$ cat my_file-v7.cif   # mmCIF, C-alpha atoms and all ligand atoms
data_coords
loop_
_atom_site.label_atom_id
_atom_site.label_comp_id
_atom_site.auth_asym_id
_atom_site.auth_seq_id
_atom_site.Cartn_x
_atom_site.Cartn_y
_atom_site.Cartn_z
CA MET A 298 91.33 120.57 -32.25
CA GLN A 299 91.54 123.72 -30.11
CA ILE A 300 90.51 121.75 -27.05
CA LYS A 301 93.22 119.14 -27.71
CA ILE A 302 95.87 121.85 -27.85
CA VAL A 303 94.64 123.36 -24.61
CA ILE A 304 94.59 119.97 -22.88
CA GLY A 305 98.02 119.18 -24.29
CA THR A 306 99.46 122.46 -23.14
CA VAL A 307 97.97 122.12 -19.67
CA ALA A 308 99.20 118.53 -19.39
CA PHE A 309 102.64 119.64 -20.52
CA MET A 310 102.67 122.41 -17.94
CA ILE A 311 101.59 120.04 -15.16
CA ALA A 312 104.25 117.56 -16.20
CA MET A 313 106.87 120.31 -16.17
CA MET A 314 105.72 121.46 -12.75
CA VAL A 315 105.94 117.96 -11.28
CA PHE A 316 109.28 117.38 -12.93
CA GLY A 317 110.59 120.80 -11.93
CA TYR A 318 109.44 120.29 -8.35
CA SER A 319 111.18 116.98 -7.96
CA ALA A 320 114.28 118.38 -9.68
CA LEU A 321 114.27 121.18 -7.12
CA ARG A 322 113.83 118.67 -4.31
CA GLU A 323 116.76 116.56 -5.49
CA PRO A 324 119.57 118.42 -3.58
CA ALA A 325 117.53 118.27 -0.36
CA ARG A 326 116.94 114.56 -0.87
CA LEU A 327 120.65 114.06 -1.48
CA GLU A 328 121.51 116.01 1.63
CA ARG A 329 119.11 113.94 3.74
CA PHE A 330 120.65 110.82 2.31
CA THR A 331 124.18 112.07 3.03
CA ASN A 332 123.20 113.06 6.57
CA ALA A 333 121.72 109.65 7.23
CA GLU A 334 124.86 108.05 5.88
CA LEU A 335 127.06 110.31 8.02
CA GLY A 336 124.90 109.50 11.04
CA ARG A 337 125.45 105.79 10.53
CA SER A 338 129.17 106.34 10.08
CA ILE A 339 129.43 108.34 13.33
CA GLU A 340 127.49 105.67 15.16
CA ALA A 341 129.81 102.93 13.90
CA GLY A 342 132.76 105.17 14.77
CA SER A 343 131.56 105.60 18.33
CA GLU A 344 131.71 101.84 18.83
CA ILE A 345 135.22 101.65 17.38
CA PHE A 346 136.25 104.48 19.69
CA ALA A 347 134.84 102.82 22.80
CA ASN A 348 136.62 99.55 22.00
CA ASN A 349 140.00 100.88 20.86
CA CYS A 350 140.60 104.48 21.79
CA ALA A 351 138.86 105.28 25.09
CA THR A 352 141.52 103.48 27.18
CA CYS A 353 143.94 106.28 26.21
CA HIS A 354 141.71 109.17 25.11
CA GLY A 355 139.12 108.72 27.82
CA VAL A 356 135.39 108.67 28.29
CA ASP A 357 133.91 111.38 26.01
CA ALA A 358 137.38 111.74 24.45
CA THR A 359 138.36 114.35 27.03
CA ALA A 360 141.39 112.36 28.34
CA GLN A 361 140.22 112.86 31.91
CA GLU A 362 138.88 109.45 32.82
CA CYS A 363 140.28 106.19 31.41
CA TYR A 364 139.62 102.55 32.25
CA ASP A 365 141.35 99.27 31.45
CA ALA A 366 139.53 96.18 30.15
CA GLN A 367 138.72 95.12 33.74
CA GLY A 368 137.10 98.48 34.49
CA ASN A 369 139.90 99.79 36.75
CA GLN A 370 140.65 103.48 36.40
CA ILE A 371 144.05 104.02 34.79
CA ALA A 372 146.12 106.95 33.57
CA CYS A 373 144.96 108.54 30.31
CA GLN A 374 147.98 108.42 28.02
CA GLY A 375 146.38 110.18 25.05
CA LEU A 376 145.55 113.80 24.35
CA PRO A 377 142.01 115.14 24.60
CA LEU A 378 140.23 114.92 21.20
CA ASN A 379 136.92 116.45 22.29
CA TYR A 380 138.90 119.63 22.56
CA ASN A 381 138.73 123.18 21.31
CA GLY A 382 142.40 123.30 20.30
CA LEU A 383 142.03 120.29 18.01
CA LEU A 384 138.59 120.82 16.51
CA CYS A 385 137.65 124.51 16.42
CA GLY A 386 138.27 126.78 13.45
CA ASP A 387 138.99 125.82 9.85
CA VAL A 388 142.65 125.69 10.83
CA SER A 389 142.66 124.65 14.50
CA GLN A 390 145.40 125.63 16.93
CA ARG A 391 146.72 122.07 16.88
CA MET A 392 147.01 122.08 13.09
CA LYS A 393 148.95 125.36 13.27
CA ASP A 394 151.23 123.99 15.99
CA MET A 395 151.94 120.89 13.91
CA GLY A 396 152.40 122.90 10.71
CA TRP A 397 149.61 120.96 8.98
CA SER A 398 148.54 122.53 5.70
CA GLY A 399 145.78 120.08 4.70
CA THR A 400 142.20 119.87 5.99
CA LYS A 401 141.15 119.07 9.56
CA HIS A 402 139.54 115.87 8.34
CA ASP A 403 142.83 114.75 6.81
CA TYR A 404 144.84 115.75 9.88
CA ILE A 405 142.72 113.49 12.06
CA LEU A 406 142.44 110.68 9.53
CA THR A 407 146.17 110.67 8.91
CA THR A 408 147.07 110.67 12.61
CA ILE A 409 144.72 107.78 13.25
CA SER A 410 145.92 105.87 10.19
CA ALA A 411 149.65 106.16 10.76
CA GLY A 412 149.82 106.76 14.54
CA ARG A 413 152.29 109.18 16.07
CA GLY A 414 155.17 109.04 18.51
CA PRO A 415 155.92 106.14 20.81
CA ILE A 416 152.39 105.70 22.24
CA MET A 417 149.69 106.51 19.67
CA PRO A 418 149.37 103.26 17.69
CA THR A 419 149.08 102.87 13.93
CA TRP A 420 145.49 101.90 13.11
CA ALA A 421 145.06 101.58 9.34
CA ASN A 422 145.45 98.26 7.51
CA GLN A 423 147.63 99.95 4.93
CA PHE A 424 150.23 100.67 7.63
CA GLY A 425 149.87 97.30 9.33
CA GLY A 426 147.16 98.36 11.80
CA PRO A 427 143.91 96.51 12.60
CA LEU A 428 141.30 98.85 11.02
CA ARG A 429 139.89 98.81 7.45
CA PRO A 430 139.70 102.12 5.53
CA ASP A 431 135.94 102.44 6.17
CA GLN A 432 136.49 101.92 9.90
CA VAL A 433 139.21 104.59 10.00
CA GLN A 434 136.78 106.88 8.17
CA ASN A 435 134.00 106.11 10.68
CA VAL A 436 136.12 106.83 13.74
CA THR A 437 137.41 110.02 12.07
CA ASN A 438 133.82 111.16 11.56
CA PHE A 439 133.11 110.31 15.19
CA VAL A 440 135.99 112.49 16.43
CA LEU A 441 135.04 115.37 14.09
CA ASN A 442 131.47 115.21 15.37
CA TYR A 443 132.60 116.60 18.75
CA GLU A 444 133.00 119.99 17.10
CA SER A 445 130.03 122.00 18.36
CA GLU A 446 129.03 125.58 19.04
CA THR A 447 129.40 125.00 22.78
CA LEU A 448 132.87 123.50 22.45
CA CYS A 449 134.03 126.32 20.22
CA ALA A 450 132.33 129.18 22.09
CA ALA A 451 134.87 129.19 24.91
CA PRO A 452 138.17 130.78 23.88
CA LEU A 453 141.11 128.42 23.86
CA VAL A 454 143.55 128.96 26.70
CA THR A 455 146.96 127.47 26.09
CA TYR A 456 148.92 127.73 29.27
CA GLU A 457 152.29 129.49 29.05
CA TRP A 458 154.62 127.79 31.52
CA PRO A 459 157.06 130.25 33.10
CA GLU A 460 160.65 129.24 32.56
CA LEU A 461 161.39 129.13 36.27
CA ALA A 462 159.64 126.85 38.75
CA GLN A 463 159.95 129.61 41.37
CA GLU A 464 158.10 132.06 39.20
CA PHE A 465 155.42 129.48 38.38
CA LEU A 466 154.87 128.56 42.05
CA ALA A 467 154.59 132.22 43.03
CA GLY A 468 152.14 132.89 40.20
CA PRO A 469 148.38 133.35 40.23
CA ASP A 470 147.56 129.80 39.06
CA VAL A 471 148.93 128.02 42.10
CA THR A 472 147.50 127.71 45.57
CA LEU A 473 150.14 127.16 48.23
CA PRO A 474 150.91 125.13 50.18
CA ALA A 475 150.70 122.52 47.42
CA ASP A 476 149.10 119.18 48.30
CA PRO A 477 151.52 116.21 48.19
CA ALA A 478 148.71 113.67 48.76
CA ARG A 479 146.93 114.95 45.68
CA GLY A 480 150.31 114.95 43.92
CA GLN A 481 150.68 111.26 44.72
CA GLU A 482 147.24 110.51 43.26
CA LEU A 483 148.12 112.46 40.10
CA PHE A 484 151.49 110.71 39.87
CA THR A 485 150.11 107.20 40.24
CA VAL A 486 146.68 107.43 38.59
CA THR A 487 145.89 110.51 36.50
CA TYR A 488 149.21 110.86 34.68
CA GLY A 489 150.50 107.34 35.23
CA CYS A 490 154.06 108.47 36.05
CA SER A 491 154.43 105.53 38.42
CA ALA A 492 153.96 103.04 35.57
CA CYS A 493 157.48 104.05 34.47
CA HIS A 494 159.00 105.53 37.63
CA GLY A 495 157.54 103.37 40.41
CA THR A 496 156.60 105.19 43.61
CA VAL A 497 158.65 107.68 45.58
CA ASP A 498 158.44 105.65 48.80
CA GLY A 499 159.90 102.71 46.86
CA SER A 500 156.80 100.51 47.40
CA ALA A 501 156.61 99.97 43.62
CA PRO A 502 159.90 99.67 41.71
CA ALA A 503 160.71 101.77 38.64
CA ALA A 504 160.24 99.83 35.39
CA ILE A 505 161.15 102.14 32.50
CA GLY A 506 162.27 105.53 33.82
CA PRO A 507 164.74 106.27 36.62
CA SER A 508 163.65 105.64 40.19
CA LEU A 509 162.71 108.98 41.73
CA VAL A 510 163.25 107.84 45.34
CA ASN A 511 166.22 110.21 45.77
CA ILE A 512 165.26 112.85 43.21
CA GLU A 513 165.25 115.54 45.89
CA THR A 514 169.06 115.23 46.12
CA ASP A 515 169.90 113.67 42.70
CA GLY A 516 167.91 116.34 40.90
CA ALA A 517 170.26 119.06 42.09
CA THR A 518 173.28 117.30 40.54
CA ARG A 519 171.96 116.89 36.99
CA VAL A 520 172.20 120.26 35.23
CA ASP A 521 174.53 123.11 36.19
CA GLY A 522 172.62 125.99 37.67
CA GLN A 523 169.38 124.03 38.30
CA ASP A 524 168.32 123.04 41.80
CA ALA A 525 166.19 119.91 42.23
CA GLN A 526 162.94 121.82 41.97
CA GLN A 527 163.90 123.59 38.75
CA TYR A 528 165.30 120.37 37.29
CA VAL A 529 162.18 118.30 38.01
CA TYR A 530 159.86 121.06 36.77
CA HIS A 531 161.83 121.38 33.55
CA SER A 532 162.12 117.58 33.10
CA ILE A 533 158.34 117.17 33.25
CA LEU A 534 157.76 119.89 30.64
CA TYR A 535 160.68 119.10 28.31
CA PRO A 536 161.87 115.52 28.89
CA SER A 537 164.28 115.51 25.96
CA ASP A 538 166.28 118.57 27.03
CA PHE A 539 168.35 116.48 29.42
CA ILE A 540 168.53 112.69 29.51
CA ALA A 541 168.94 111.18 32.98
CA PRO A 542 171.93 108.81 33.33
CA ASP A 543 170.42 105.64 34.78
CA CYS A 544 167.28 103.80 33.75
CA PRO A 545 166.30 100.42 35.27
CA THR A 546 167.66 98.44 32.33
CA GLY A 547 170.82 100.50 31.72
CA PRO A 548 171.63 104.01 30.54
CA CYS A 549 168.50 105.97 29.58
CA SER A 550 168.11 106.32 25.81
CA GLY A 551 167.58 109.56 23.92
CA PRO A 552 167.11 112.28 23.03
CA PRO A 553 164.28 111.95 22.20
CA SER A 554 163.33 110.80 25.68
CA VAL A 555 161.11 107.78 26.15
CA MET A 556 159.07 109.93 28.51
CA PRO A 557 156.02 111.48 26.77
CA ALA A 558 156.42 115.15 25.88
CA ASN A 559 152.75 116.03 26.35
CA PHE A 560 152.53 116.56 30.13
CA GLY A 561 152.91 120.33 29.76
CA ALA A 562 149.91 120.42 27.43
CA ARG A 563 147.90 118.10 29.67
CA MET A 564 148.70 119.92 32.92
CA GLY A 565 148.03 123.28 31.25
CA ASP A 566 144.31 122.73 31.86
CA ASN A 567 145.02 122.60 35.59
CA PRO A 568 148.48 123.98 36.49
CA GLN A 569 147.93 123.20 40.16
CA ASP A 570 148.64 119.57 39.16
CA MET A 571 152.27 120.52 38.52
CA ALA A 572 152.60 122.19 41.92
CA ASP A 573 151.12 119.18 43.72
CA ILE A 574 153.34 116.70 41.85
CA LEU A 575 156.43 118.78 42.72
CA ALA A 576 155.32 118.73 46.36
CA TYR A 577 154.95 114.95 46.22
CA LEU A 578 158.34 114.37 44.56
CA LEU A 579 160.34 116.94 46.50
CA GLY A 580 158.54 116.85 49.79
CA GLU A 581 157.79 120.55 49.88
C1 LIG A 601 147.93 103.48 23.77
C2 LIG A 601 147.28 104.76 23.86
C3 LIG A 601 146.48 105.27 22.68
C4 LIG A 601 145.46 104.62 22.00
C5 LIG A 601 144.92 103.22 22.25
C6 LIG A 601 144.99 105.56 21.02
N1 LIG A 601 145.68 106.72 21.08
FE1 LIG A 601 145.40 108.39 19.92
N2 LIG A 601 146.99 109.29 20.79
C7 LIG A 601 147.73 108.77 21.84
C8 LIG A 601 148.80 109.71 22.16
C9 LIG A 601 149.86 109.55 23.25
C10 LIG A 601 148.68 110.78 21.26
C11 LIG A 601 149.61 112.01 21.15
C12 LIG A 601 150.73 111.64 20.20
C13 LIG A 601 151.78 112.73 20.09
O1 LIG A 601 151.41 113.84 19.71
O2 LIG A 601 152.91 112.42 20.40
C14 LIG A 601 147.53 110.49 20.42
C15 LIG A 601 147.07 111.33 19.41
C16 LIG A 601 145.89 111.15 18.72
C17 LIG A 601 145.31 112.10 17.80
C18 LIG A 601 145.90 113.46 17.44
C19 LIG A 601 145.52 114.46 18.50
C20 LIG A 601 146.13 115.81 18.34
O3 LIG A 601 145.77 116.70 19.13
O4 LIG A 601 146.98 116.00 17.47
C21 LIG A 601 144.15 111.56 17.33
C22 LIG A 601 143.17 112.20 16.36
C23 LIG A 601 144.01 110.27 17.96
N3 LIG A 601 145.08 110.05 18.79
C24 LIG A 601 142.95 109.40 17.74
C25 LIG A 601 142.90 108.09 18.23
C26 LIG A 601 141.88 107.14 17.85
C27 LIG A 601 140.71 107.43 16.95
C28 LIG A 601 142.19 105.97 18.49
C29 LIG A 601 141.48 104.63 18.38
C30 LIG A 601 141.30 104.11 17.05
C31 LIG A 601 143.37 106.21 19.30
N4 LIG A 601 143.78 107.51 19.10
C32 LIG A 601 143.94 105.28 20.14
C33 LIG A 601 147.51 107.57 22.47
C34 LIG A 601 146.61 106.59 22.09
C1 LIG A 602 156.55 106.09 29.47
C2 LIG A 602 157.36 106.15 30.66
C3 LIG A 602 157.39 107.45 31.45
C4 LIG A 602 156.32 108.15 31.98
C5 LIG A 602 154.83 107.83 31.85
C6 LIG A 602 156.88 109.25 32.72
N1 LIG A 602 158.25 109.22 32.62
FE1 LIG A 602 159.54 110.52 33.54
N2 LIG A 602 161.11 109.60 32.60
C7 LIG A 602 161.02 108.48 31.81
C8 LIG A 602 162.33 108.15 31.30
C9 LIG A 602 162.67 106.98 30.39
C10 LIG A 602 163.22 109.10 31.85
C11 LIG A 602 164.74 109.17 31.59
C12 LIG A 602 165.05 109.88 30.31
C13 LIG A 602 164.98 111.36 30.47
O1 LIG A 602 165.72 111.93 31.30
O2 LIG A 602 164.17 111.99 29.77
C14 LIG A 602 162.41 110.00 32.65
C15 LIG A 602 162.91 111.07 33.40
C16 LIG A 602 162.20 111.78 34.35
C17 LIG A 602 162.78 112.68 35.31
C18 LIG A 602 164.26 112.95 35.49
C19 LIG A 602 164.80 111.83 36.37
C20 LIG A 602 166.25 111.88 36.72
O3 LIG A 602 166.69 110.96 37.43
O4 LIG A 602 166.97 112.78 36.29
C21 LIG A 602 161.74 113.17 36.08
C22 LIG A 602 161.85 114.14 37.23
C23 LIG A 602 160.52 112.56 35.59
N3 LIG A 602 160.84 111.72 34.53
C24 LIG A 602 159.25 112.81 36.09
C25 LIG A 602 158.09 112.26 35.56
C26 LIG A 602 156.75 112.63 35.99
C27 LIG A 602 156.43 113.61 37.10
C28 LIG A 602 155.89 111.91 35.22
C29 LIG A 602 154.37 111.99 35.19
C30 LIG A 602 153.79 113.33 35.11
C31 LIG A 602 156.67 111.08 34.33
N4 LIG A 602 157.99 111.33 34.56
C32 LIG A 602 156.13 110.18 33.42
C33 LIG A 602 159.87 107.77 31.51
C34 LIG A 602 158.59 108.14 31.86
#

$ encode --input "my_file-v7.cif" --output "structure tokens" --more "lines below"
Ligand code: HEC
Ligand code: HEC
Amino acid sequence: MQIKIVIGTVAFMIAMMVFGYSALREPARLERFTNAELGRSIEAGSEIFANNCATCHGVDATAQECYDAQGNQIACQGLPLNYNGLLCGDVSQRMKDMGWSGTKHDYILTTISAGRGPIMPTWANQFGGPLRPDQVQNVTNFVLNYESETLCAAPLVTYEWPELAQEFLAGPDVTLPADPARGQELFTVTYGCSACHGTVDGSAPAAIGPSLVNIETDGATRVDGQDAQQYVYHSILYPSDFIAPDCPTGPCSGPPSVMPANFGARMGDNPQDMADILAYLLGE
């Protein structure tokens, strides 16, 4: 009898230990499972990104290098996503700028789902886009996965454009003389201005925006008190502030301008780009 009780007690204790151990292990097991599931989602998202998003947001989502379906390098029209200002901090700089009060996950998911502005397409089925909810979720996880200690270690520099072109060109971020040949490359390839404006030597006609062939003289006639340089500088940063009179198919529409408003943000990473484009357009 005594023996039976002892055996029973010991068996009970062993059973409790095994049970307790596996109960303790359960959260870890769940976490491993969730991580594996997240890993698969990110992997699927990376494929969706390569096929649908990289043409505008670029290789590695840095909006520096974009290719068309034939493999030709083209202008990146999108913003960088692998980017401190979008991903770092619980409330990232971008979320503050856009007045977003929800989570970062929802900011990205919502932008992808519904699109934004004239260029970023709508992706989710529910809004008439091509992606199912799980695919939108996967590509959201893929974008979020760029948040890393390295990305977020460097402080975010948002460039403050001086109001006056003169002040900007005399500032510490510009090397003079500016390089018009580099400006031409930026105008035709990196920023894709020529897709809308044609080229300044007239070799490619303007399709959507005004021809800039005579902008050196026309620019000085647009806004009282602005010479051509100030006008062009301001037009690139704030396209909607003044709408040019003549577009290829009639009067230019707006405000808002058809011209993207994100060049200031994109050139902020390398302000010399602005100086070189001005040199190309104005021949200085
Ligand atoms: C045709 C070009 C184009 C394609 C293709 C494109 N985007 Fe965009 N995307 C843009 C532009 C332009 C913006 C900036 C919109 C604005 O703020 O006016 C943007 C903005 C975004 C933003 C918000 C960025 C921020 O800083 O607020 C996210 C996230 C995004 N895109 C993800 C995607 C994903 C994911 C895909 C593919 C499923 C995709 N985009 C495909 C052009 C594109
Ligand atoms: C998607 C087409 C598009 C792209 C890309 C584009 N623009 Fe424009 N741009 C326009 C349109 C449309 C206008 C006329 C409406 C307005 O004044 O905002 C315009 C106006 C201008 C003007 C004023 C022209 C005038 O006659 O008064 C300048 C200067 C200019 N753009 C420079 C640029 C530069 C530089 C780039 C590249 C960094 C660029 N644009 C990219 C469409 C575009």

$ residues_near_ligand --input "my_file-v7.cif" --ligand "ligand LIG 602 (chain A)" --cutoff "8 Å" --atoms "all atoms listed in the file" --output "PyMOL selection string"
chain A and resi 374+483-484+488-494+505-509+512+515-516+519+528-530+532-533+536-544+549-557+560+574-575+578

$ residues_around --input "my_file-v7.cif" --residues "Gln526 (chain A)" --least-positions-apart "6" --cutoff "9 Å" --atoms "only C-alpha atoms" --output "list in words"
Ala462, Gln463, Glu513, Gly516, Ala517, Leu575 and Leu579 of chain A

$ write_last_selection --input "my_file-v7.cif" --atoms "C-alpha atoms" --output "mmCIF file, in the frame of the given file"
data_model
loop_
_atom_site.group_PDB
_atom_site.id
_atom_site.type_symbol
_atom_site.label_atom_id
_atom_site.label_comp_id
_atom_site.auth_asym_id
_atom_site.auth_seq_id
_atom_site.Cartn_x
_atom_site.Cartn_y
_atom_site.Cartn_z
ATOM 1 C CA ALA A 462 159.640 126.850 38.750
ATOM 2 C CA GLN A 463 159.950 129.610 41.370
ATOM 3 C CA GLU A 513 165.250 115.540 45.890
ATOM 4 C CA GLY A 516 167.910 116.340 40.900
ATOM 5 C CA ALA A 517 170.260 119.060 42.090
ATOM 6 C CA LEU A 575 156.430 118.780 42.720
ATOM 7 C CA LEU A 579 160.340 116.940 46.500
#

$ residues_around --input "my_file-v7.cif" --residues "Ala421 (chain A)" --least-positions-apart "4" --cutoff "7 Å" --atoms "all atoms listed in the file" --output "ChimeraX atom specification"
/A:410-411,425-430,433

$ atom_distance --input "my_file-v7.cif" --atom1 "CA of Pro568 (chain A)" --atom2 "CA of Tyr456 (chain A)"
8.1 Å

$ closest_residue --input "my_file-v7.cif" --among "A:Ser398, A:Thr352, A:Ser445, A:Gln390" --to "ligand LIG 601 (chain A)" --atoms "only C-alpha atoms and all ligand atoms"
A:Thr352

$ closest_residue --input "my_file-v7.cif" --among "A:Leu441, A:Met564, A:Gly580, A:Ile416" --to "Thr400 (chain A)" --atoms "all atoms listed in the file"
A:Leu441

$ axis_aligned_box --input "my_file-v7.cif" --around "ligand LIG 601 (chain A)" --padding-each-side "5 Å" --output "JSON"
{"center_x": 146.8, "center_y": 110.0, "center_z": 20.1, "size_x": 22.2, "size_y": 23.5, "size_z": 17.5}

$ atom_distance --input "my_file-v7.cif" --atom1 "CA of Val497 (chain A)" --atom2 "CA of Trp458 (chain A)"
24.9 Å

$ residues_around --input "my_file-v7.cif" --residues "Val471 (chain A)" --least-positions-apart "6" --cutoff "9 Å" --atoms "all atoms listed in the file" --output "list of chain:residue names"
A:Phe465, A:Pro568, A:Gln569, A:Asp570, A:Met571, A:Ala572

$ closest_residue --input "my_file-v7.cif" --among "A:Val454, A:Ala312, A:Ala478, A:Ala351" --to "Ala372 (chain A)" --atoms "only C-alpha atoms"
A:Ala351

$ closest_residue --input "my_file-v7.cif" --among "A:Asp394, A:Asp521, A:Glu340, A:Glu328" --to "ligand LIG 601 (chain A)" --atoms "all atoms listed in the file"
A:Asp394

$ closest_residue --input "my_file-v7.cif" --among "A:Asp357, A:Glu460, A:Glu334, A:Asp498" --to "ligand LIG 601 (chain A)" --atoms "all atoms listed in the file"
A:Asp357

$ closest_residue --input "my_file-v7.cif" --among "A:Ala308, A:Ala576, A:Ala451, A:Ile345" --to "ligand LIG 601 (chain A)" --atoms "all atoms listed in the file"
A:Ile345

$ atom_distance --input "my_file-v7.cif" --atom1 "CA of Arg391 (chain A)" --atom2 "CA of Asn438 (chain A)"
17.7 Å

$ decode --input "my_file-v7.cif" --residues "region 421-447 of chain A" --atoms "C-alpha atoms" --output "short mmCIF file (atom, residue, chain, number, x, y, z; two decimals), in the first residue's frame"
data_model
loop_
_atom_site.label_atom_id
_atom_site.label_comp_id
_atom_site.auth_asym_id
_atom_site.auth_seq_id
_atom_site.Cartn_x
_atom_site.Cartn_y
_atom_site.Cartn_z
CA ALA A 421 -5.79 45.59 -53.52
CA ASN A 422 -8.65 43.60 -55.06
CA GLN A 423 -11.11 45.41 -52.83
CA PHE A 424 -10.24 48.69 -54.58
CA GLY A 425 -10.09 47.17 -58.05
CA GLY A 426 -6.36 46.34 -57.99
CA PRO A 427 -4.71 43.04 -59.00
CA LEU A 428 -3.56 41.70 -55.58
CA ARG A 429 -5.45 39.45 -53.12
CA PRO A 430 -5.49 40.44 -49.41
CA ASP A 431 -2.84 37.82 -48.54
CA GLN A 432 -0.57 39.14 -51.30
CA VAL A 433 -0.94 42.72 -50.07
CA GLN A 434 -0.09 41.42 -46.59
CA ASN A 435 2.99 39.60 -47.92
CA VAL A 436 4.39 42.59 -49.75
CA THR A 437 3.68 44.78 -46.70
CA ASN A 438 5.71 42.36 -44.56
CA PHE A 439 8.46 42.48 -47.17
CA VAL A 440 8.67 46.28 -47.03
CA LEU A 441 8.57 46.32 -43.20
CA ASN A 442 11.39 43.79 -43.13
CA TYR A 443 13.83 46.46 -44.38
CA GLU A 444 13.71 48.04 -40.94
CA SER A 445 17.04 47.12 -39.37
CA GLU A 446 19.49 48.41 -36.79
CA THR A 447 21.84 49.56 -39.55
#
